[in-house]
file model_7.cif (mmCIF, C-alpha atoms)
data_input
loop_
_atom_site.label_atom_id
_atom_site.label_comp_id
_atom_site.auth_asym_id
_atom_site.auth_seq_id
_atom_site.Cartn_x
_atom_site.Cartn_y
_atom_site.Cartn_z
CA MET L 1 0.00 0.00 0.00
CA GLN L 2 1.31 3.42 -0.88
CA PRO L 3 1.65 5.83 2.02
CA ASP L 4 -0.87 8.65 2.01
CA ASP L 5 0.16 11.70 0.10
CA PRO L 6 0.37 14.22 2.95
CA ARG L 7 -1.05 16.83 0.62
CA ASN L 8 -4.19 14.74 0.27
CA PRO L 9 -4.84 13.26 3.69
CA THR L 10 -7.41 10.77 4.89
CA TRP L 11 -9.89 11.76 7.56
CA THR L 12 -10.55 9.15 10.18
CA LEU L 13 -13.53 9.13 12.54
CA ARG L 14 -14.65 6.55 15.04
CA ILE L 15 -18.38 6.04 15.45
CA THR L 16 -19.82 3.90 18.22
CA ALA L 17 -23.45 2.83 18.32
CA GLY L 18 -25.16 3.76 21.56
CA ALA L 19 -27.00 1.00 23.43
CA ASP L 20 -30.30 2.82 23.10
CA GLY L 21 -29.59 6.26 21.81
CA PRO L 22 -27.47 8.16 19.36
CA ALA L 23 -24.15 7.04 17.95
CA HIS L 24 -21.07 8.77 19.34
CA ALA L 25 -18.69 10.11 16.73
CA HIS L 26 -15.10 10.96 17.58
CA ALA L 27 -13.04 13.09 15.22
CA ARG L 28 -9.61 14.27 16.34
CA GLY L 29 -10.27 15.33 19.94
CA GLN L 30 -13.90 16.18 19.28
CA ARG L 31 -16.95 14.12 20.08
CA PHE L 32 -20.48 14.59 18.81
CA ASP L 33 -23.70 12.56 18.76
CA VAL L 34 -25.52 11.40 15.65
CA GLY L 35 -29.05 10.06 15.92
CA ASP L 36 -31.03 7.70 13.73
CA PRO L 37 -30.47 7.81 9.99
CA VAL L 38 -33.76 9.69 9.59
CA SER L 39 -36.58 10.56 11.96
CA PHE L 40 -40.06 11.93 11.31
CA ASP L 41 -40.71 12.56 14.99
CA GLU L 42 -40.56 16.26 15.83
CA ALA L 43 -39.81 15.29 19.44
CA TYR L 44 -36.90 12.95 18.58
CA PRO L 45 -34.16 14.24 20.87
CA HIS L 46 -31.11 13.90 18.60
CA ALA L 47 -29.96 15.37 15.31
CA THR L 48 -30.25 12.61 12.73
CA ALA L 49 -27.55 11.51 10.31
CA LEU L 50 -29.50 13.15 7.49
CA GLU L 51 -29.83 16.40 9.42
CA HIS L 52 -26.08 16.37 10.00
CA VAL L 53 -25.59 16.15 6.23
CA PHE L 54 -27.95 19.05 5.52
CA ALA L 55 -26.39 21.03 8.34
CA ALA L 56 -22.94 20.33 6.94
CA ALA L 57 -23.99 21.52 3.50
CA GLY L 58 -25.27 24.76 5.00
CA ALA L 59 -22.26 25.14 7.29
CA GLU L 60 -19.86 24.77 4.37
CA LEU L 61 -21.46 27.83 2.81
CA VAL L 62 -21.91 30.10 5.83
CA ASN L 63 -18.48 29.33 7.24
CA GLY L 64 -16.94 29.44 3.78
CA VAL L 65 -18.42 32.86 3.03
CA ARG L 66 -17.31 34.20 6.40
CA ALA L 67 -13.75 32.91 5.99
CA LEU L 68 -13.48 34.35 2.49
CA ALA L 69 -14.83 37.72 3.63
CA ARG L 70 -12.24 37.83 6.38
CA ALA L 71 -9.48 36.94 3.92
CA ARG L 72 -10.57 39.69 1.55
CA ARG L 73 -11.15 42.19 4.33
CA LEU L 74 -14.77 42.60 3.37
CA GLU L 75 -17.26 43.70 5.98
CA LEU L 76 -19.71 40.95 6.93
CA ASP L 77 -21.76 41.14 10.12
CA ALA L 78 -23.71 37.93 10.03
CA VAL L 79 -24.37 35.01 7.73
CA GLU L 80 -27.16 32.51 8.15
CA ALA L 81 -28.49 29.73 5.96
CA LEU L 82 -31.90 28.13 5.81
CA VAL L 83 -31.45 24.64 4.35
CA GLN L 84 -34.31 22.59 2.92
CA GLY L 85 -33.59 19.06 1.77
CA LYS L 86 -35.71 16.33 0.24
CA LEU L 87 -35.21 12.61 -0.34
CA GLU L 88 -36.19 10.85 -3.52
CA ASP L 89 -38.50 8.48 -1.61
CA ALA L 90 -38.66 8.95 2.15
CA LEU L 91 -40.86 5.86 2.56
CA ALA L 92 -38.09 3.70 1.05
CA GLN L 93 -35.89 4.66 3.99
CA LEU L 94 -38.57 3.31 6.34
CA GLY L 95 -38.77 -0.02 4.54
CA VAL L 96 -42.41 0.56 3.64
CA VAL L 97 -43.81 -2.25 1.50
CA GLY L 98 -44.41 -0.87 -1.99
CA ALA L 99 -42.01 2.04 -1.67
CA THR L 100 -39.87 1.24 -4.66
CA GLY L 101 -37.87 4.44 -4.93
CA SER L 102 -34.47 5.32 -3.55
CA PRO L 103 -33.87 6.98 -0.20
CA ALA L 104 -31.13 9.09 -1.81
CA ILE L 105 -31.09 12.85 -1.38
CA ARG L 106 -33.03 14.46 -4.20
CA SER L 107 -32.48 18.13 -3.57
CA VAL L 108 -30.91 20.69 -1.30
CA HIS L 109 -32.06 24.28 -1.36
CA VAL L 110 -30.19 26.92 0.61
CA ARG L 111 -31.38 30.45 1.32
CA LEU L 112 -28.38 32.37 2.56
CA TYR L 113 -28.85 35.65 4.42
CA ALA L 114 -25.83 37.94 4.71
CA SER L 115 -25.76 41.14 6.68
CA SER L 116 -23.21 43.32 4.95
CA THR L 117 -22.67 46.84 3.66
CA GLU L 118 -20.69 45.44 0.75
CA PRO L 119 -22.33 45.46 -2.69
CA GLU L 120 -24.39 42.36 -3.40
CA PRO L 121 -22.13 41.16 -6.29
CA ALA L 122 -19.16 41.09 -3.94
CA VAL L 123 -21.00 38.86 -1.47
CA ARG L 124 -22.29 36.68 -4.30
CA GLU L 125 -18.72 36.16 -5.49
CA LEU L 126 -17.79 34.95 -2.00
CA LEU L 127 -20.71 32.55 -2.03
CA GLU L 128 -19.81 31.12 -5.43
CA LEU L 129 -16.23 30.63 -4.33
CA ALA L 130 -17.38 28.99 -1.10
CA GLN L 131 -19.54 26.60 -3.13
CA ALA L 132 -16.67 25.78 -5.45
CA ARG L 133 -14.41 24.95 -2.51
CA ALA L 134 -16.95 22.99 -0.46
CA PRO L 135 -16.24 19.22 -0.55
CA LEU L 136 -19.75 18.10 0.39
CA TRP L 137 -21.44 20.61 -1.89
CA GLN L 138 -19.27 19.53 -4.82
CA THR L 139 -19.87 15.86 -4.08
CA LEU L 140 -23.64 16.35 -3.99
CA GLN L 141 -23.45 18.24 -7.26
CA ARG L 142 -21.41 15.50 -8.91
CA ALA L 143 -23.91 12.90 -7.66
CA GLY L 144 -26.73 14.65 -9.49
CA VAL L 145 -28.48 16.10 -6.45
CA THR L 146 -30.49 19.18 -7.39
CA LEU L 147 -28.76 22.08 -5.64
CA SER L 148 -29.96 25.64 -5.48
CA VAL L 149 -28.93 28.72 -3.54
CA GLU L 150 -30.72 32.01 -3.00
CA LEU L 151 -28.73 34.92 -1.64
CA LYS L 152 -30.29 37.79 0.33
CA VAL L 153 -27.96 40.62 1.26
CA ALA L 154 -29.06 43.41 3.57
CA PRO L 155 -27.00 46.00 5.44
CA MET O 1 -48.80 -20.74 17.09
CA PRO O 2 -47.51 -19.92 20.57
CA ALA O 3 -49.42 -17.08 22.17
CA ASP O 4 -46.28 -15.04 22.77
CA LYS O 5 -45.27 -14.78 19.12
CA PRO O 6 -45.79 -11.25 17.88
CA ILE O 7 -49.02 -10.46 16.13
CA VAL O 8 -48.21 -8.89 12.77
CA VAL O 9 -50.14 -5.69 12.19
CA GLY O 10 -50.27 -3.79 8.90
CA ALA O 11 -50.71 -0.05 8.47
CA VAL O 12 -50.59 2.30 5.51
CA VAL O 13 -48.24 5.28 5.61
CA TYR O 14 -50.14 8.27 4.24
CA ASP O 15 -47.55 10.53 5.87
CA PRO O 16 -44.13 9.59 7.28
CA LYS O 17 -45.34 10.87 10.66
CA VAL O 18 -47.63 7.83 10.77
CA THR O 19 -44.52 5.81 11.57
CA VAL O 20 -44.17 7.70 14.84
CA ILE O 21 -47.71 6.72 15.87
CA TRP O 22 -47.03 3.08 15.11
CA GLU O 23 -43.77 3.09 17.04
CA ILE O 24 -45.72 4.31 20.08
CA ILE O 25 -48.42 1.65 19.55
CA ARG O 26 -45.77 -1.06 19.19
CA ASP O 27 -44.07 0.08 22.40
CA PHE O 28 -47.43 0.14 24.15
CA PHE O 29 -48.17 -3.49 23.22
CA GLU O 30 -44.62 -4.46 24.19
CA GLN O 31 -45.11 -2.93 27.63
CA HIS O 32 -48.31 -4.95 28.01
CA HIS O 33 -46.45 -8.17 27.10
CA ARG O 34 -48.47 -8.55 23.90
CA PRO O 35 -45.76 -7.92 21.31
CA ILE O 36 -46.74 -6.82 17.83
CA ASP O 37 -44.66 -6.40 14.69
CA VAL O 38 -45.74 -3.54 12.49
CA VAL O 39 -45.45 -3.78 8.71
CA LEU O 40 -45.89 -0.51 6.89
CA TYR O 41 -47.38 -0.30 3.39
CA SER O 42 -47.34 2.46 0.82
CA ASN O 43 -50.96 1.86 -0.23
CA TYR O 44 -54.06 -0.11 0.78
CA GLU O 45 -54.02 -2.45 -2.20
CA LEU O 46 -50.71 -3.92 -1.06
CA GLN O 47 -51.90 -4.14 2.52
CA VAL O 48 -55.03 -6.05 1.50
CA ASP O 49 -52.75 -8.36 -0.51
CA GLY O 50 -50.66 -8.84 2.63
CA LEU O 51 -53.69 -9.76 4.71
CA ALA O 52 -55.22 -12.01 2.03
CA LYS O 53 -51.89 -13.84 1.65
CA ARG O 54 -51.60 -14.10 5.44
CA HIS O 55 -48.43 -12.06 5.69
CA LEU O 56 -50.40 -10.09 8.29
CA HIS O 57 -52.67 -11.09 11.12
CA VAL O 58 -54.35 -7.71 11.57
CA ALA O 59 -54.71 -4.80 9.14
CA TRP O 60 -55.60 -1.22 10.01
CA ASN O 61 -57.98 -0.78 7.10
CA SER O 62 -59.73 2.13 5.49
CA PRO O 63 -63.43 1.50 4.81
CA LEU O 64 -62.66 0.79 1.15
CA ALA O 65 -59.86 -1.58 2.13
CA TRP O 66 -62.34 -3.35 4.43
CA LEU O 67 -64.67 -3.93 1.47
CA ASP O 68 -61.71 -4.95 -0.69
CA THR O 69 -60.61 -7.49 1.93
CA ARG O 70 -64.09 -9.04 1.95
CA ARG O 71 -64.07 -9.11 -1.86
CA ARG O 72 -60.62 -10.64 -2.21
CA ALA O 73 -60.13 -12.69 0.95
CA GLY O 74 -63.67 -13.70 1.79
CA ALA O 75 -64.92 -13.82 5.34
CA CYS O 76 -63.25 -11.39 7.73
CA ARG O 77 -64.06 -9.50 10.89
CA ALA O 78 -63.79 -5.88 11.97
CA ILE O 79 -62.50 -6.33 15.51
CA ALA O 80 -61.90 -2.76 16.68
CA MET O 81 -62.18 0.84 15.62
CA ARG O 82 -61.72 4.33 17.03
CA ASP O 83 -64.67 6.07 18.64
CA THR O 84 -64.24 8.66 15.89
CA ASP O 85 -64.60 6.02 13.18
CA ARG O 86 -68.25 5.54 14.07
CA ASP O 87 -71.12 7.43 12.52
CA ARG O 88 -69.16 9.87 10.42
CA ARG O 89 -70.92 11.97 7.80
CA THR O 90 -69.79 13.79 4.71
CA HIS O 91 -71.05 17.34 4.23
CA LEU O 92 -71.77 18.95 0.88
CA VAL O 93 -70.60 22.52 1.36
CA VAL O 94 -71.65 25.53 -0.73
CA ARG O 95 -71.04 29.26 -0.72
CA LYS O 96 -73.62 31.20 1.29
CA GLY O 97 -75.85 33.36 -0.86
CA GLY O 98 -74.77 31.49 -3.99
CA GLY O 99 -78.31 30.59 -4.96
CA ILE O 100 -78.01 26.95 -3.92
CA SER O 101 -80.31 26.02 -1.08
CA SER O 102 -81.19 22.40 -1.80
CA LEU O 103 -79.62 19.35 -3.38
CA LYS O 104 -81.88 19.80 -6.42
CA ASP O 105 -80.26 23.21 -7.01
CA LEU O 106 -77.02 21.36 -7.73
CA GLU O 107 -78.49 19.76 -10.87
CA GLY O 108 -76.04 20.38 -13.73
CA LYS O 109 -73.62 22.22 -11.44
CA THR O 110 -69.98 21.34 -10.75
CA VAL O 111 -69.26 19.49 -7.53
CA ALA O 112 -65.64 19.18 -6.44
CA LEU O 113 -64.68 15.80 -5.03
CA GLY O 114 -61.48 14.32 -3.61
CA ALA O 115 -59.48 11.34 -4.83
CA ARG O 116 -61.45 8.71 -6.71
CA ASP O 117 -60.79 6.13 -3.98
CA SER O 118 -61.81 8.37 -1.08
CA PRO O 119 -64.95 7.02 0.60
CA GLN O 120 -65.65 10.26 2.42
CA ALA O 121 -64.70 12.82 -0.22
CA THR O 122 -65.89 11.04 -3.37
CA LEU O 123 -67.61 7.66 -3.28
CA ILE O 124 -70.22 8.23 -0.57
CA PRO O 125 -71.20 11.81 -1.49
CA ALA O 126 -71.46 10.80 -5.16
CA GLU O 127 -73.74 7.95 -4.07
CA MET O 128 -75.91 10.34 -2.08
CA LEU O 129 -76.34 12.57 -5.15
CA ARG O 130 -77.14 9.54 -7.30
CA ALA O 131 -79.70 8.29 -4.76
CA GLU O 132 -81.33 11.74 -4.73
CA GLY O 133 -81.46 11.73 -8.53
CA VAL O 134 -79.25 14.81 -8.83
CA LYS O 135 -76.94 14.79 -11.86
CA VAL O 136 -73.85 16.95 -11.45
CA LYS O 137 -70.55 17.53 -13.19
CA GLU O 138 -67.84 16.00 -11.04
CA ARG O 139 -64.53 17.80 -10.73
CA ARG O 140 -62.24 15.31 -9.05
CA PHE O 141 -58.91 15.86 -7.35
CA ASP O 142 -57.02 12.58 -7.55
CA VAL O 143 -54.30 13.34 -5.04
CA LEU O 144 -52.28 10.30 -3.87
CA VAL O 145 -54.67 7.66 -5.13
CA GLY O 146 -54.11 4.42 -3.23
CA LEU O 147 -54.39 6.05 0.18
CA HIS O 148 -58.20 6.08 0.08
CA GLY O 149 -58.41 9.73 1.00
CA ASP O 150 -56.43 9.35 4.24
CA HIS O 151 -54.24 12.03 2.77
CA VAL O 152 -56.65 14.95 2.80
CA GLY O 153 -54.86 16.68 -0.08
CA GLY O 154 -57.59 15.90 -2.60
CA GLU O 155 -60.30 17.02 -0.20
CA LEU O 156 -58.45 20.25 0.43
CA ASP O 157 -57.87 20.89 -3.29
CA ALA O 158 -61.59 20.32 -3.84
CA LEU O 159 -62.35 22.96 -1.21
CA ARG O 160 -59.92 25.38 -2.89
CA SER O 161 -61.77 24.78 -6.13
CA LEU O 162 -65.02 25.89 -4.48
CA GLN O 163 -63.29 28.89 -2.95
CA ILE O 164 -61.95 30.13 -6.32
CA GLY O 165 -65.27 29.57 -8.04
CA GLN O 166 -64.40 26.54 -10.16
CA ALA O 167 -67.08 24.49 -8.42
CA GLN O 168 -70.43 25.26 -6.83
CA ALA O 169 -70.15 22.66 -4.07
CA THR O 170 -67.58 20.40 -2.48
CA ALA O 171 -67.61 17.32 -0.26
CA MET O 172 -65.76 16.98 3.01
CA LEU O 173 -65.76 14.79 6.07
CA ASP O 174 -67.63 16.30 9.02
CA LEU O 175 -64.44 16.24 11.10
CA ASN O 176 -62.63 18.26 8.43
CA TRP O 177 -65.48 20.79 8.26
CA ASP O 178 -65.14 21.24 12.03
CA ARG O 179 -61.35 21.43 11.95
CA TRP O 180 -61.09 23.73 8.94
CA SER O 181 -63.80 26.02 10.30
CA LYS O 182 -61.76 26.42 13.47
CA ASP O 183 -58.30 26.84 11.91
CA GLY O 184 -59.38 29.42 9.32
CA THR O 185 -59.17 27.18 6.24
CA ILE O 186 -62.92 27.79 5.83
CA ASN O 187 -64.72 30.95 6.83
CA PRO O 188 -68.06 29.69 8.20
CA ALA O 189 -69.52 33.12 7.53
CA GLU O 190 -69.03 32.53 3.80
CA TYR O 191 -69.79 28.82 3.47
CA GLN O 192 -72.49 26.49 4.76
CA VAL O 193 -73.38 22.83 4.87
CA LEU O 194 -76.01 22.20 2.21
CA ALA O 195 -76.64 18.55 3.02
CA SER O 196 -75.04 15.64 4.83
CA THR O 197 -74.82 11.98 4.02
CA GLN O 198 -76.24 9.29 6.22
CA PRO O 199 -73.80 8.16 8.90
CA PHE O 200 -71.09 5.70 7.94
CA ASP O 201 -68.15 4.06 9.62
CA HIS O 202 -64.52 4.68 8.79
CA CYS O 203 -61.39 2.63 9.60
CA ASN O 204 -61.21 -0.67 11.43
CA PHE O 205 -58.79 -3.36 12.50
CA THR O 206 -59.55 -6.28 10.19
CA VAL O 207 -58.70 -9.96 10.67
CA LEU O 208 -59.50 -12.94 8.48
CA ALA O 209 -62.27 -15.22 9.74
CA ASP O 210 -59.89 -17.91 10.96
CA PHE O 211 -57.72 -15.64 13.08
CA PRO O 212 -57.51 -17.54 16.39
CA PRO O 213 -59.92 -16.13 19.00
CA GLU O 214 -57.33 -16.28 21.79
CA ARG O 215 -54.91 -14.20 19.72
CA GLU O 216 -57.68 -11.75 18.92
CA LYS O 217 -58.57 -11.49 22.61
CA SER O 218 -54.94 -10.92 23.52
CA PHE O 219 -54.69 -8.10 20.97
CA LEU O 220 -57.98 -6.49 22.00
CA ASP O 221 -57.35 -6.76 25.74
CA ALA O 222 -54.22 -4.69 25.31
CA LEU O 223 -55.81 -2.27 22.84
CA PHE O 224 -58.88 -1.62 24.99
CA SER O 225 -56.70 -1.02 28.04
CA MET O 226 -55.45 2.17 26.41
CA SER O 227 -56.93 5.07 28.32
CA TYR O 228 -57.20 8.71 27.32
CA ASP O 229 -56.93 9.57 31.02
CA ASP O 230 -53.38 8.21 31.04
CA PRO O 231 -51.03 10.96 29.77
CA LYS O 232 -48.69 8.33 28.34
CA HIS O 233 -51.46 6.98 26.13
CA ARG O 234 -53.04 10.32 25.36
CA GLU O 235 -50.19 11.51 23.13
CA MET O 236 -50.70 8.67 20.68
CA MET O 237 -54.49 8.83 20.93
CA ASP O 238 -54.43 12.53 20.09
CA MET O 239 -52.14 11.87 17.13
CA GLU O 240 -54.45 9.12 15.89
CA GLY O 241 -57.57 11.18 16.61
CA LEU O 242 -59.46 9.15 19.18
CA LYS O 243 -60.50 9.19 22.79
CA ALA O 244 -61.34 5.49 23.08
CA TRP O 245 -60.99 2.26 21.15
CA MET O 246 -64.35 0.60 20.47
CA PRO O 247 -65.36 -2.88 19.39
CA GLY O 248 -65.42 -3.27 15.64
CA ARG O 249 -68.66 -3.54 13.70
CA ASP O 250 -69.48 -4.09 10.06
CA THR O 251 -72.85 -2.38 9.98
CA GLY O 252 -71.56 1.05 8.98
CA TYR O 253 -70.36 0.28 5.47
CA GLY O 254 -73.69 -0.01 3.63
CA TRP O 255 -73.51 3.34 1.87
CA LEU O 256 -69.96 2.73 0.74
CA SER O 257 -70.89 -0.73 -0.46
CA ARG O 258 -73.76 0.69 -2.52
CA ALA O 259 -71.48 3.42 -3.87
CA VAL O 260 -68.88 0.89 -4.96
CA ASP O 261 -71.56 -1.19 -6.70
CA SER O 262 -73.37 1.64 -8.43
CA GLN O 263 -70.14 3.29 -9.57
CA GLU O 264 -68.71 -0.11 -10.62
CA TYR O 265 -65.64 0.86 -8.65
CA TRP O 266 -63.83 -2.47 -8.78
CA LYS O 267 -64.45 -2.84 -12.51
CA ASN O 268 -63.04 0.63 -13.13
CA ASN O 269 -60.22 0.23 -10.60
CA PRO O 270 -59.24 -3.45 -10.84
#
call {"tool": "encode", "arguments": {"input": "model_7.cif", "output": "structure tokens"}}
result
Amino acid sequence: MQPDDPRNPTWTLRITAGADGPAHAHARGQRFDVGDPVSFDEAYPHATALEHVFAAAGAELVNGVRALARARRLELDAVEALVQGKLEDALAQLGVVGATGSPAIRSVHVRLYASSTEPEPAVRELLELAQARAPLWQTLQRAGVTLSVELKVAP
Amino acid sequence: MPADKPIVVGAVVYDPKVTVIWEIIRDFFEQHHRPIDVVLYSNYELQVDGLAKRHLHVAWNSPLAWLDTRRRAGACRAIAMRDTDRDRRTHLVVRKGGGISSLKDLEGKTVALGARDSPQATLIPAEMLRAEGVKVKERRFDVLVGLHGDHVGGELDALRSLQIGQAQATAMLDLNWDRWSKDGTINPAEYQVLASTQPFDHCNFTVLADFPPEREKSFLDALFSMSYDDPKHREMMDMEGLKAWMPGRDTGYGWLSRAVDSQEYWKNNP
């Protein structure tokens, strides 16, 4: 086996199933909980695996935009994303008899709110660059997931 | 079969949230040492198949699925139902001051109905109009056919059609009239109930005729021990829309049966 190219490292996480609760994920020195793959129960007390994915897609953009703004010395007060995701066939994930579709992610829509006095095109350029550099976003795009982003900029 | 083997219960998922209700029901039976396994179906046709082929012991059936089970599997029993499944009615709703004050006034007019397999929003009200000799133009909203109107989307689209003037009347379950009048979907100052169907029954737990009586008793003993006064039970009962489980009965499906016959439903929807 070839040693890893240090310029293209491998990420390693350890995930342990809980006895009757969420899985515990360990990455570097960090630990976080991941619940069921999917839940339709509003009162379910853990973030599901699917919600982590949608959250990660949104976080790539808000954190990406913020980091780029800082690097370019652009003024940016706040960035927030509203993420809406859909599966191709949610019932397939539940193992419902007759649900013949795929539980794959069908679409992710992000509405990104930025509070900034910069002109809108400048913020949009940050967003496009953040998208281009986001591993999850690019992977979803390559997989054929329908992706869309709306940008709202207000001072 | 040993008495402690799980009873297999089928249910149709008209909304993913239904799975939450069935998880609570399964846990409830588990706590009462009467384990059940729940099999979820995407539509009633498959569930009736499952019962007829004995993949299931008990099916939570819509009224149309109950008739379909009798048609395809022969003798069967309705062993339990919700209090709210008994004596339901469908209302025909019209705009107030729209010049329609009796069923006869609907002659030749457009009546908005729900999905073609909805007992409450299509089959039974259409049968009432037929029995009264009133010929109307039907404007149907076939939303999620296969769920027998459990998904109220077609019923709601039919109401919208009345509200925007594409129809002169629409059909809706009495419970939906009550709910929508309270939540603002309908303004009761603008709309009124023109006529109501005779009472009919809605869902039931169905078993085939040869389901062992001791297994049935075991299932029903646990089910009937659910109490709305117990906060732990109330959550599920509110979600499922009942205050008490009642014994099943098969006397409330006459109107639907006549509707299915007169509309040749099975011939048109084999």
call {"tool": "closest_residue", "arguments": {"input": "model_7.cif", "among": "L:Tyr44, L:Ala134, L:Arg124, L:Leu61", "to": "chain O", "atoms": "all atoms listed in the file"}}
result
L:Tyr44
call {"tool": "resolve_selection", "arguments": {"input": "model_7.cif", "expression": "the PyMOL selection byres ((chain O) within 6 of (chain L))", "output": "VMD selection string"}}
result
chain O and resid 17 20 40 to 42
call {"tool": "atom_distance", "arguments": {"input": "model_7.cif", "atom1": "CA of Glu264 (chain O)", "atom2": "CA of Leu67 (chain O)"}}
result
13.3 Å
call {"tool": "resolve_selection", "arguments": {"input": "model_7.cif", "expression": "the PyMOL selection byres ((chain O and resi 73) around 9)", "output": "PyMOL selection string"}}
result
chain O and resi 48-49+51-53+68-72+74-76+208
call {"tool": "atom_distance", "arguments": {"input": "model_7.cif", "atom1": "CA of Asp85 (chain O)", "atom2": "CA of Leu175 (chain O)"}}
result
10.4 Å
call {"tool": "resolve_selection", "arguments": {"input": "model_7.cif", "expression": "the PyMOL selection byres ((chain O and resi 156) around 12)", "output": "number ranges by chain"}}
result
O: 112-115, 121, 140-143, 149-155, 157-163, 170-173, 176-177, 179-180, 185-186
call {"tool": "atom_distance", "arguments": {"input": "model_7.cif", "atom1": "CA of Lys135 (chain O)", "atom2": "CA of Pro63 (chain O)"}}
result
25.2 Å
call {"tool": "closest_residue", "arguments": {"input": "model_7.cif", "among": "O:Gln192, O:Gln31, O:Ser102, O:Ser62", "to": "Leu147 (chain O)", "atoms": "all atoms listed in the file"}}
result
O:Ser62
call {"tool": "closest_residue", "arguments": {"input": "model_7.cif", "among": "O:Asp105, O:Asp221, O:Glu127, O:Asp178", "to": "Tyr265 (chain O)", "atoms": "all atoms listed in the file"}}
result
O:Glu127
call {"tool": "decode", "arguments": {"input": "model_7.cif", "residues": "region 176-181 of chain O", "atoms": "all heavy atoms", "output": "short mmCIF file (atom, residue, chain, number, x, y, z; two decimals), in the first residue's frame"}}
result
data_model
loop_
_atom_site.label_atom_id
_atom_site.label_comp_id
_atom_site.auth_asym_id
_atom_site.auth_seq_id
_atom_site.Cartn_x
_atom_site.Cartn_y
_atom_site.Cartn_z
N ASN O 176 -63.44 17.24 9.12
CA ASN O 176 -62.63 18.26 8.43
C ASN O 176 -63.38 19.59 8.38
O ASN O 176 -62.76 20.65 8.49
CB ASN O 176 -62.26 17.79 7.03
CG ASN O 176 -61.21 16.70 7.09
OD1 ASN O 176 -60.45 16.61 8.05
ND2 ASN O 176 -61.19 15.84 6.08
N TRP O 177 -64.70 19.55 8.20
CA TRP O 177 -65.48 20.79 8.26
C TRP O 177 -65.26 21.48 9.61
O TRP O 177 -65.02 22.67 9.69
CB TRP O 177 -66.96 20.49 8.03
CG TRP O 177 -67.89 21.62 8.43
CD1 TRP O 177 -68.60 21.73 9.57
CD2 TRP O 177 -68.16 22.81 7.67
NE1 TRP O 177 -69.31 22.91 9.58
CE2 TRP O 177 -69.06 23.60 8.43
CE3 TRP O 177 -67.72 23.29 6.44
CZ2 TRP O 177 -69.55 24.84 7.99
CZ3 TRP O 177 -68.21 24.54 6.00
CH2 TRP O 177 -69.09 25.29 6.76
N ASP O 178 -65.32 20.68 10.68
CA ASP O 178 -65.14 21.24 12.03
C ASP O 178 -63.73 21.82 12.18
O ASP O 178 -63.55 22.94 12.65
CB ASP O 178 -65.34 20.14 13.10
CG ASP O 178 -66.78 19.64 13.13
OD1 ASP O 178 -67.67 20.34 12.58
OD2 ASP O 178 -67.02 18.55 13.67
N ARG O 179 -62.75 21.02 11.75
CA ARG O 179 -61.35 21.43 11.95
C ARG O 179 -61.03 22.67 11.11
O ARG O 179 -60.44 23.63 11.59
CB ARG O 179 -60.43 20.27 11.56
CG ARG O 179 -58.95 20.54 11.79
CD ARG O 179 -58.17 19.24 11.91
NE ARG O 179 -58.28 18.42 10.71
CZ ARG O 179 -57.35 18.40 9.74
NH1 ARG O 179 -56.29 19.17 9.83
NH2 ARG O 179 -57.48 17.62 8.69
N TRP O 180 -61.43 22.63 9.84
CA TRP O 180 -61.09 23.73 8.94
C TRP O 180 -61.87 25.00 9.27
O TRP O 180 -61.42 26.10 8.97
CB TRP O 180 -61.33 23.30 7.48
CG TRP O 180 -60.33 22.26 7.02
CD1 TRP O 180 -59.10 22.00 7.58
CD2 TRP O 180 -60.47 21.33 5.94
NE1 TRP O 180 -58.47 20.98 6.90
CE2 TRP O 180 -59.29 20.55 5.89
CE3 TRP O 180 -61.46 21.07 5.01
CZ2 TRP O 180 -59.08 19.55 4.94
CZ3 TRP O 180 -61.26 20.09 4.05
CH2 TRP O 180 -60.09 19.33 4.02
N SER O 181 -63.05 24.83 9.87
CA SER O 181 -63.80 26.02 10.30
C SER O 181 -63.11 26.69 11.47
O SER O 181 -63.18 27.90 11.65
CB SER O 181 -65.23 25.64 10.72
OG SER O 181 -65.94 25.13 9.63
#
